[in-house]
Amino acid sequence: MRSQNIGYILQALLAAVFFGASAPVSKLLLGDIAPVFLASFLYLGSGTGIALTRLTQRKGTEAGIQRADVKWLAGAILSGGILAPILLMVSLQHTPASTASLLLNFEGVGTTVIALFFFRESISRRAWTAILLITLASIFLSTDFSSGFGFSPGALGVLFACVLWGADNNLTRNISGRDPLVIVAWKGLVAGSFSFLLAWALGNPFPSATTILSTMALGFLSYGLSTLLFIRSMRGLGAARTSALYGTAPLAGVLLSIVIFGEIPSVLFIAAAILMIGGALLLINESHSHAHIHTAVIHEHSHSHRDPMHEHDEANGIHSHVHEHPEEKHEHDHMPDIHHRHGHEEER
C-alpha cells in the first residue's frame, strides 16, 4: 500500500474513535436532556464548531462548493441528516434495543453495496474480507443475549435508516474533494436546526444552558471532527473501505464504557476486538494495482505539487485551483480515490 494511504487509514480510525466515544458520553447526558433535543444539539455543536473552525482556515487551500455539488450535498443532508435519524427514532419505538443496536451495523454493508452497484467503486477480495470481519465484530459487540433478542416490523425501519446513511456516505464521497469543513458545517447546521424544530414541536422540555454546551461540545468532537476525518479519508480510500474502518467505532465505544462505567470485557468483546484488528490490518496491507486509464478531466481539489499527478506548475504548499489531467494509461498501486474511480475492464 502506498505510504500516503496510511494517513487516510489513520484518519478513518481516528474518526471511528471520536464517533465511538459519543455513545457512552451521550448515555451520561440522557438524564438531563430529551433524545430529540440531544440529537439536535449534537448536530448543532458539530455544525457551529466546524463553521467557526472554517473561519480560521487559510483561504485557497480547499476547493469551494460549486453549483454542481449542491445536489450531492442536499441529498446527503436529506438522507443522512434528516430522514435516517427520524426513521430510526420512529423504528426504535417498535424494536427491542438489542435488535436495533445489532441492525445499525448494517450501515457499513449498505455503504459498500451502494458503492459497488451504483457508483462502481472497485472492491478487492481482501477488502471484502476485511469488511465482513469488521461487520461481524460489530455484531458481536452489539448483541446482548442477557436482555433477549427479538425481531419486530420496526427492524425493517432500522435497516432502511442504515441504507439511507449508506447513501449519505456515497453522496458525500462525490464531493469529498471539496472543502470538508463547509460540507460538515452545512450538514450539522441544517440537520440540527430541523431536529431542534421537531423537538420544540413535540413539546420536549428545554435543557439547561450547561447541558446544551456540554452536548454541543460532544457534537463538535464526535460528529464534527469525526465526519471531517471521515470525508478526508474517503478522498484516498473511497466510501467502502473508509466505512469498513469506521465500523471499528463500537470498539472505541465499548473501551470507553469500560473506563466510565467499569464494565468488565466479555468473551464476545475479546473476539470482536481480534476480528476488528484483523480486518483493519487487511486493509492497511491491501495492494491494488492494475493497468487503468485516467480519462482527461478538469477539476478542482486540495493538492500539493509534490504529488506526481499534480506536477503542473511551480506553486508550493497545499493549495486548490482548477487544473487539468490529460488522458493517461499506466499501472501503479492505487485506491478508489478522487483520481481512480473507474471500473476494472482493463483487468479482464
# chains A, B, ... in the order shown; residues from 1 in each chain; ligands from 1

call {"tool": "residues_around", "arguments": {"residues": "A:Val90", "least_positions_apart": "6", "cutoff": "9 Å", "atoms": "only C-alpha atoms", "output": "list of chain:residue names"}}
result
A:Gly154, A:Gly157, A:Val158

call {"tool": "write_last_selection", "arguments": {"atoms": "N, CA and C atoms", "output": "compact mmCIF listing (two decimals), in the first residue's frame"}}
result
# COMPACT_ATOMS: atom_id res chain seq x y z
N GLY A 154 -40.53 -2.91 13.19
CA GLY A 154 -39.68 -1.73 13.27
C GLY A 154 -38.26 -2.00 12.83
N GLY A 157 -37.50 -0.75 9.53
CA GLY A 157 -37.22 0.68 9.51
C GLY A 157 -35.78 0.99 9.88
N VAL A 158 -35.22 0.26 10.84
CA VAL A 158 -33.83 0.45 11.23
C VAL A 158 -32.90 0.11 10.06

call {"tool": "select_by_dssp", "arguments": {"residues": "stretch 5-196 of chain A", "states": "helix (DSSP H, G or I)", "output": "NGL selection string"}}
result
:A and (5-20 or 22-29 or 35-55 or 67-92 or 97-103 or 106-117 or 125-142 or 145-147 or 154-173 or 180-196)

call {"tool": "atom_distance", "arguments": {"atom1": "atom CA of A:Leu55", "atom2": "atom CA of A:Ala16"}}
result
25.5 Å

call {"tool": "atom_distance", "arguments": {"atom1": "atom CA of A:Pro205", "atom2": "atom CA of A:Ile50"}}
result
27.0 Å

call {"tool": "closest_residue", "arguments": {"among": "A:Ile270, A:Val254, A:Ile212, A:Leu229", "to": "A:Gly20", "atoms": "only C-alpha atoms"}}
result
A:Val254

call {"tool": "residues_around", "arguments": {"residues": "A:Ala127", "least_positions_apart": "2", "cutoff": "10 Å", "atoms": "only C-alpha atoms", "output": "list in words"}}
result
Ser122, Ile123, Ser124, Arg125, Thr129, Ala130, Ile131, Leu132, Leu133, Ala240, Arg241, Ala244, Gly279, Ala280, Leu282, Leu283, Ile284, Glu286, Ser287 and His288 of chain A

call {"tool": "residues_around", "arguments": {"residues": "A:Gly108", "least_positions_apart": "2", "cutoff": "8 Å", "atoms": "only C-alpha atoms", "output": "MDAnalysis selection string"}}
result
chainID A and resid 105:106 110:112 131 135 166 240 243:244 247
